[in-house]
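Student: What follows is structure.cif, made up of mmCIF, C-alpha atoms:
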data_my_file
loop_
_atom_site.label_atom_id
_atom_site.label_comp_id
_atom_site.auth_asym_id
_atom_site.auth_seq_id
_atom_site.Cartn_x
_atom_site.Cartn_y
_atom_site.Cartn_z
CA MET Z 277 25.49 -12.59 23.88
CA THR Z 278 22.66 -10.13 23.52
CA ILE Z 279 20.41 -8.47 20.98
CA ARG Z 280 19.38 -4.85 21.45
CA VAL Z 281 15.69 -4.27 20.76
CA LYS Z 282 13.99 -0.93 20.09
CA PHE Z 283 10.35 0.06 19.67
CA PHE Z 284 9.18 3.36 18.25
CA ALA Z 285 6.08 5.57 18.19
CA SER Z 286 2.68 3.93 18.77
CA LEU Z 287 4.28 0.50 18.99
CA ARG Z 288 6.53 1.67 21.84
CA GLU Z 289 3.42 2.78 23.70
CA GLN Z 290 1.52 -0.45 23.00
CA VAL Z 291 4.40 -2.71 24.01
CA GLY Z 292 5.49 -0.45 26.87
CA ILE Z 293 9.18 -0.76 26.00
CA SER Z 294 11.46 1.80 24.40
CA GLU Z 295 14.67 -0.20 24.40
CA GLN Z 296 15.90 -3.41 25.98
CA GLU Z 297 18.49 -6.13 25.61
CA ILE Z 298 17.52 -9.78 25.31
CA ALA Z 299 19.66 -12.90 25.41
CA SER Z 300 20.43 -14.15 21.93
CA ASP Z 301 20.26 -17.82 22.92
CA GLY Z 302 17.54 -19.57 20.94
CA VAL Z 303 16.69 -16.41 19.00
CA ASN Z 304 17.05 -16.99 15.27
CA THR Z 305 14.72 -14.59 13.49
CA VAL Z 306 13.25 -11.10 13.88
CA GLU Z 307 9.96 -12.76 14.71
CA ASP Z 308 11.67 -14.60 17.59
CA VAL Z 309 12.96 -11.26 18.88
CA TRP Z 310 9.41 -9.90 18.83
CA THR Z 311 8.06 -12.94 20.68
CA VAL Z 312 10.68 -12.74 23.45
CA SER Z 313 10.51 -8.94 23.82
CA THR Z 314 6.74 -8.63 23.86
CA ASP Z 315 6.02 -11.77 25.85
CA SER Z 316 4.28 -13.33 22.83
CA MET Z 317 2.06 -10.39 21.96
CA VAL Z 318 0.36 -10.77 18.55
CA MET Z 319 2.40 -8.85 15.96
CA PRO Z 320 0.32 -6.18 14.15
CA ALA Z 321 0.04 -6.87 10.41
CA ASN Z 322 1.54 -3.54 9.38
CA VAL Z 323 4.57 -3.52 11.70
CA LEU Z 324 7.90 -2.59 10.09
CA MET Z 325 11.18 -4.18 11.17
CA ALA Z 326 14.86 -3.37 10.88
CA ILE Z 327 18.14 -5.09 11.68
CA ASN Z 328 21.04 -2.68 12.22
CA MET Z 329 18.92 0.12 10.71
CA GLU Z 330 18.06 -1.72 7.48
CA TYR Z 331 14.50 -2.81 6.66
CA VAL Z 332 14.02 -6.58 6.91
CA GLU Z 333 11.20 -9.14 7.05
CA ALA Z 334 9.90 -11.11 10.05
CA GLY Z 335 11.77 -14.22 8.93
CA SER Z 336 15.13 -12.46 8.57
CA HIS Z 337 17.99 -14.04 10.50
CA VAL Z 338 19.41 -12.24 13.54
CA VAL Z 339 22.77 -12.80 15.20
CA ASP Z 340 24.41 -11.86 18.47
CA GLY Z 341 25.07 -8.12 18.68
CA ASN Z 342 22.35 -7.07 16.23
CA GLU Z 343 20.10 -4.11 16.89
CA VAL Z 344 16.50 -5.01 16.00
CA ALA Z 345 13.79 -2.36 15.77
CA PHE Z 346 10.00 -2.56 15.43
CA PHE Z 347 7.82 0.37 14.42
CA PRO Z 348 4.54 1.33 12.75
CA PRO Z 349 4.25 2.66 9.17
CA VAL Z 350 6.31 5.83 8.81
CA THR Z 351 4.63 9.23 8.53
CA GLY Z 352 7.38 11.79 7.96
CA GLY Z 353 7.49 14.67 5.55
CA MET M 154 24.46 16.53 -0.66
CA HIS M 155 23.49 17.67 2.78
CA ILE M 156 21.14 15.93 5.23
CA GLU M 157 20.15 17.33 8.57
CA ILE M 158 17.72 16.50 11.36
CA ARG M 159 16.75 19.55 13.42
CA SER M 160 15.13 19.58 16.83
CA GLU M 161 14.47 23.33 16.86
CA HIS M 162 12.32 25.62 14.70
CA PHE M 163 14.00 26.60 11.44
CA SER M 164 13.28 28.98 8.60
CA ALA M 165 13.40 26.98 5.37
CA TRP M 166 14.19 30.11 3.34
CA GLU M 167 17.05 31.23 5.59
CA CYS M 168 18.50 27.72 5.53
CA LEU M 169 18.27 27.69 1.76
CA ALA M 170 19.99 31.06 1.43
CA THR M 171 22.76 30.02 3.82
CA TYR M 172 23.27 26.73 2.03
CA GLU M 173 23.43 28.38 -1.37
CA GLN M 174 26.14 30.72 -0.08
CA GLU M 175 28.12 27.76 1.25
CA GLN M 176 27.86 25.77 -1.98
CA ALA M 177 28.61 28.78 -4.21
CA ALA M 178 32.32 28.01 -4.32
CA GLN M 179 31.65 24.63 -5.94
CA LEU M 180 28.51 25.27 -7.96
CA HIS M 181 28.56 28.92 -9.00
CA GLY M 182 27.20 29.07 -12.56
CA LYS M 183 26.89 25.28 -12.77
CA TYR M 184 23.12 24.93 -12.38
CA GLY M 185 20.18 26.42 -14.21
CA ALA M 186 17.36 25.05 -12.08
CA THR M 187 16.59 24.88 -8.37
CA ALA M 188 13.48 23.00 -7.22
CA VAL M 189 12.44 23.61 -3.62
CA PHE M 190 9.76 21.90 -1.56
CA VAL M 191 8.83 23.07 1.93
CA GLY M 192 6.38 21.00 3.97
CA THR M 193 4.72 22.93 6.80
CA MET M 194 2.36 21.95 9.58
CA ARG M 195 -1.37 22.41 9.02
CA ASP M 196 -3.69 23.36 11.88
CA PHE M 197 -6.19 20.72 10.73
CA ASN M 198 -6.12 17.02 9.90
CA GLU M 199 -8.85 14.44 9.32
CA GLY M 200 -11.47 17.08 10.10
CA ASP M 201 -10.03 18.09 13.49
CA ASP M 202 -8.15 21.15 14.69
CA VAL M 203 -4.54 20.28 15.55
CA ALA M 204 -2.63 22.40 18.09
CA VAL M 205 0.79 20.74 18.26
CA MET M 206 2.49 17.89 16.48
CA THR M 207 5.40 15.89 17.89
CA LEU M 208 7.78 14.28 15.44
CA GLU M 209 9.78 11.26 16.48
CA HIS M 210 12.50 9.48 14.49
CA TYR M 211 14.93 6.59 14.64
CA PRO M 212 18.31 8.32 14.99
CA GLY M 213 20.88 6.84 12.68
CA MET M 214 18.45 4.91 10.48
CA THR M 215 16.75 8.15 9.45
CA GLU M 216 19.97 9.78 8.29
CA GLY M 217 21.05 6.55 6.60
CA TYR M 218 17.88 6.30 4.53
CA LEU M 219 17.80 10.00 3.65
CA LYS M 220 21.38 9.69 2.39
CA ARG M 221 20.48 6.59 0.40
CA ILE M 222 17.44 8.29 -1.16
CA CYS M 223 19.58 11.28 -2.19
CA GLU M 224 22.17 8.93 -3.70
CA GLU M 225 19.43 7.15 -5.64
CA ALA M 226 18.24 10.50 -7.01
CA GLU M 227 21.81 11.42 -7.97
CA SER M 228 22.22 8.16 -9.87
CA ARG M 229 18.89 8.53 -11.63
CA TRP M 230 18.86 12.18 -12.62
CA GLN M 231 21.48 14.68 -13.67
CA ILE M 232 21.61 16.75 -10.50
CA GLN M 233 24.36 18.88 -9.06
CA ASP M 234 23.32 18.89 -5.43
CA SER M 235 20.54 17.99 -3.00
CA LEU M 236 19.52 19.22 0.43
CA VAL M 237 17.15 17.65 2.95
CA ILE M 238 16.36 19.19 6.35
CA HIS M 239 13.69 17.56 8.52
CA ARG M 240 12.32 18.55 11.93
CA VAL M 241 11.83 16.38 14.97
CA GLY M 242 10.31 17.41 18.30
CA ASP M 243 7.32 19.69 18.80
CA VAL M 244 6.09 21.66 15.80
CA HIS M 245 3.30 24.21 15.63
CA PRO M 246 0.99 25.28 12.79
CA SER M 247 2.92 26.95 9.92
CA ASP M 248 6.28 25.62 11.22
CA ALA M 249 8.47 24.02 8.56
CA ILE M 250 8.62 20.23 8.87
CA VAL M 251 10.74 19.43 5.84
CA LEU M 252 12.84 21.26 3.29
CA VAL M 253 13.94 19.49 0.12
CA ALA M 254 15.96 21.29 -2.55
CA VAL M 255 17.58 19.99 -5.71
CA TRP M 256 19.96 21.81 -8.07
CA SER M 257 20.38 20.72 -11.68
CA ALA M 258 21.32 22.05 -15.11
CA HIS M 259 17.73 21.85 -16.39
CA ARG M 260 14.31 22.01 -14.77
CA ALA M 261 13.03 18.49 -15.53
CA ASP M 262 15.75 16.82 -13.46
CA ALA M 263 15.25 19.24 -10.56
CA PHE M 264 11.45 18.79 -10.54
CA ASP M 265 11.54 15.00 -10.88
CA ALA M 266 14.37 14.43 -8.42
CA SER M 267 12.80 16.65 -5.76
CA ARG M 268 9.46 14.87 -6.13
CA TYR M 269 11.27 11.55 -5.86
CA LEU M 270 13.08 12.66 -2.70
CA MET M 271 9.84 13.69 -1.03
CA GLU M 272 7.86 10.59 -1.96
CA GLU M 273 10.67 8.24 -0.96
CA LEU M 274 11.24 10.16 2.28
CA LYS M 275 7.55 9.67 3.10
CA SER M 276 7.74 5.98 2.17
CA ARG M 277 10.95 4.95 3.87
CA ALA M 278 12.49 7.45 6.28
CA PRO M 279 11.59 6.41 9.85
CA PHE M 280 9.71 9.44 11.19
CA TRP M 281 6.39 9.39 13.05
CA LYS M 282 3.92 12.13 13.92
CA LYS M 283 1.74 12.43 16.98
CA GLU M 284 -0.96 15.08 16.96
CA GLN M 285 -2.28 16.96 19.94
CA LEU M 286 -5.76 18.13 19.02
CA ALA M 287 -7.13 21.51 20.01
CA GLN M 288 -9.59 19.70 22.31
CA GLY M 289 -6.64 18.09 24.10
CA ASP M 290 -6.73 14.51 22.78
CA GLU M 291 -3.57 12.94 21.37
CA ARG M 292 -3.34 10.55 18.44
CA TRP M 293 -0.68 9.07 16.19
CA VAL M 294 -0.90 9.91 12.51
CA GLU M 295 -1.42 6.58 10.79
CA LYS M 296 -2.12 7.54 7.22
CA ASN M 297 0.96 7.46 5.01
CA THR M 298 0.28 9.60 1.95
CA ALA M 299 3.48 8.68 0.10
CA ASP M 300 2.95 8.25 -3.62
CA PRO M 301 6.04 6.50 -5.03
CA GLY M 302 4.44 6.36 -8.48
CA ALA M 303 3.86 10.11 -8.59
CA ALA M 304 4.61 11.88 -11.86
CA GLY M 305 5.26 8.55 -13.53
CA LEU M 306 8.52 8.14 -11.67
CA GLY M 307 7.89 4.48 -10.84
CA LYS M 308 9.93 2.42 -8.43
CA ASP M 309 12.32 0.76 -10.87
CA ILE M 310 15.56 1.67 -9.14
#
When written as structure tokens, how does the structure in this file appear?

Tutor:
Amino acid sequence: MTIRVKFFASLREQVGISEQEIASDGVNTVEDVWTVSTDSMVMPANVLMAINMEYVEAGSHVVDGNEVAFFPPVTGG
Amino acid sequence: MHIEIRSEHFSAWECLATYEQEQAAQLHGKYGATAVFVGTMRDFNEGDDVAVMTLEHYPGMTEGYLKRICEEAESRWQIQDSLVIHRVGDVHPSDAIVLVAVWSAHRADAFDASRYLMEELKSRAPFWKKEQLAQGDERWVEKNTADPGAAGLGKDI
């Protein structure tokens, strides 16, 4: 009954976590995942989010077994 | 369609030549236009000298979005094939970061589809760059220069 959480790039450095698993009990949205993982750190306005490698919004619903990722604006190419 | 993430230095032109040989069996004589874009590392950014750049990505999601972007281009333009190769890891000035190539019957589709691939890659593919400046400081690149509306392509997928 867990959710895998990943942070990338500057956000990984700010939060101090690359990857972790959190209990899914009481976690309903991506925003809830952020709150639990970061110990209620304020979410930067420009943060991007994904569930199972698909872009989503903060209010998107998460379920047991999901992989949730947080990262800053992308800068490839 | 071919998508590849590379962690070692690559020659865009050698990759292109090799790929064209491999696709020859299927596409020989079928296309009249090849548009190629190669993005390379500059030794300057935001007014500072840059010594090394480290590219990070989200394995799995990156490939998924690159594939999706190529599929979108295939559905929107008449193209025969597309190729995207992108570096991760440490890159140095003049190293290739990205190679995008599109093959089509006529030039307009190749030009427009390749521009689309690049702009959408910059908008959506989860890559990040960290610069190591010549003076030794490190900083994340924060400015996203993607221009989805470039060349009047719009976003109406």

Student: Where does chain M meet chain Z within 6 Å, residue by residue, with the nearest atom pair and distance in Å to one decimal for each, counting only C-alpha atoms, listed by chain and rising number, as a Markdown table?

Tutor:
| residue | atom | partner | partner_atom | distance |
| --- | --- | --- | --- | --- |
| M:Met214 | CA | Z:Met329 | CA | 4.8 |
| M:Val251 | CA | Z:Gly353 | CA | 5.8 |
| M:Lys275 | CA | Z:Gly352 | CA | 5.3 |
| M:Pro279 | CA | Z:Val350 | CA | 5.4 |
| M:Phe280 | CA | Z:Gly352 | CA | 4.6 |
| M:Trp281 | CA | Z:Thr351 | CA | 4.9 |
| M:Asn297 | CA | Z:Thr351 | CA | 5.4 |

Student: Taking 5 positions as the minimum chain separation for residues in the same chain, which residues sit within 10 Å of Ala303 of chain M when counting all atoms listed in the file? Answer as a list in words.

Tutor: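 My reading of the contact set: Asp265, Arg268, Tyr269, Glu272 and Lys308 of chain M.
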
Student: For a test of reading the model, state the distance in Å between atom CA of Glu209 of chain M and atom CA of Asp300 of chain M, rounded to one decimal.

Tutor: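 According to the coordinates, atom CA of Glu209 of chain M and atom CA of Asp300 of chain M are separated by 21.4 Å.
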
Student: Need to verify the contact set: Ala186 of chain M, 12 Å, all atoms listed in the file, exclusion of same-chain residues closer than 3 positions in sequence. Can you return it as a PyMOL selection string?

Tutor: chain M and resi 180+182-183+189+231-235+254-267

Student: For segment 265-281 of chain M, I'd like the enclosing box, axis-aligned and padded by 3 Å on every side, reported as AutoDock Vina command-line options with centre and edge lengths in Å to one decimal.

Tutor:
--center_x 10.4 --center_y 10.8 --center_z 1.1 --size_x 14.0 --size_y 17.7 --size_z 29.9

Student: Need the neighbours of (9.6, -9.2, 5.0): which residues are at most 12 Å away, counting only C-alpha atoms, as a PyMOL selection string?

Tutor: chain Z and resi 305-307+321-327+330-337

Student: If you measure from atom CA of Val191 of chain M to atom CA of His239 of chain M, what distance in Å do you get, rounded to one decimal?

Tutor: 9.9 Å

Student: On this file, the PyMOL selection byres ((chain Z and resi 308) around 12) gives some set of residues; write that set as a compact mmCIF listing (two decimals) with C-alpha atoms, keeping the file's coordinate frame.

Tutor:
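Writing done, so here's expr12.txt:
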# COMPACT_ATOMS: atom_id res chain seq x y z
CA ILE Z 279 20.41 -8.47 20.98
CA VAL Z 281 15.69 -4.27 20.76
CA ILE Z 298 17.52 -9.78 25.31
CA ALA Z 299 19.66 -12.90 25.41
CA SER Z 300 20.43 -14.15 21.93
CA ASP Z 301 20.26 -17.82 22.92
CA GLY Z 302 17.54 -19.57 20.94
CA VAL Z 303 16.69 -16.41 19.00
CA ASN Z 304 17.05 -16.99 15.27
CA THR Z 305 14.72 -14.59 13.49
CA VAL Z 306 13.25 -11.10 13.88
CA GLU Z 307 9.96 -12.76 14.71
CA VAL Z 309 12.96 -11.26 18.88
CA TRP Z 310 9.41 -9.90 18.83
CA THR Z 311 8.06 -12.94 20.68
CA VAL Z 312 10.68 -12.74 23.45
CA SER Z 313 10.51 -8.94 23.82
CA THR Z 314 6.74 -8.63 23.86
CA ASP Z 315 6.02 -11.77 25.85
CA SER Z 316 4.28 -13.33 22.83
CA MET Z 317 2.06 -10.39 21.96
CA VAL Z 318 0.36 -10.77 18.55
CA MET Z 319 2.40 -8.85 15.96
CA GLU Z 333 11.20 -9.14 7.05
CA ALA Z 334 9.90 -11.11 10.05
CA GLY Z 335 11.77 -14.22 8.93
CA SER Z 336 15.13 -12.46 8.57
CA HIS Z 337 17.99 -14.04 10.50
CA VAL Z 338 19.41 -12.24 13.54
CA VAL Z 339 22.77 -12.80 15.20
CA VAL Z 344 16.50 -5.01 16.00

Student: Expressed in Å to a single decimal, how great is the separation between atom CA of Val253 of chain M and atom CA of Asp201 of chain M?

Tutor: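 Spanning atom CA of Val253 of chain M to atom CA of Asp201 of chain M is a straight-line distance of 27.5 Å.
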
Student: When you count only C-alpha atoms, which of these residues is closest to Asn342 of chain Z: Z:Gln296, Z:Pro320, Z:Arg280, Z:Leu287?

Tutor: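 The shortest atom-to-atom distance to Asn342 of chain Z comes from Z:Arg280.
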
Student: Could you check the closest approach to Lys282 of chain M for each of M:Gly242, M:Gly192, M:Pro212, M:Gly217 and tell me which residue wins, using all atoms listed in the file?

Tutor: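 Nearest candidate to Lys282 of chain M out of M:Gly242, M:Gly192, M:Pro212, M:Gly217: M:Gly242.
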
Student: Mind telling me what the PyMOL selection byres ((chain M and resi 158-162) around 6) catches here, as a ChimeraX atom specification?

Tutor: /M:157,163,238-242

Student: Keeping only C-alpha atoms, write the selected residues to a file as a tab-separated table (two decimals), keeping the file's coordinate frame.

Tutor:
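selection.tsv, freshly written:
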chain	number	residue	atom	x	y	z
M	157	GLU	CA	20.15	17.33	8.57
M	163	PHE	CA	14.00	26.60	11.44
M	238	ILE	CA	16.36	19.19	6.35
M	239	HIS	CA	13.69	17.56	8.52
M	240	ARG	CA	12.32	18.55	11.93
M	241	VAL	CA	11.83	16.38	14.97
M	242	GLY	CA	10.31	17.41	18.30

Student: Let me know the residues the PyMOL selection byres ((chain M and resi 205) around 12) catches in the file above, as a PyMOL selection string.

Tutor: chain M and resi 194-198+202-204+206-208+242-248+282-293

Student: Under the rule that all atoms listed in the file are counted, which of M:His181, M:Arg229, M:Val237, M:Glu175 is the nearest residue to His155 of chain M?

Tutor: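 The closest residue to His155 of chain M is M:Val237.
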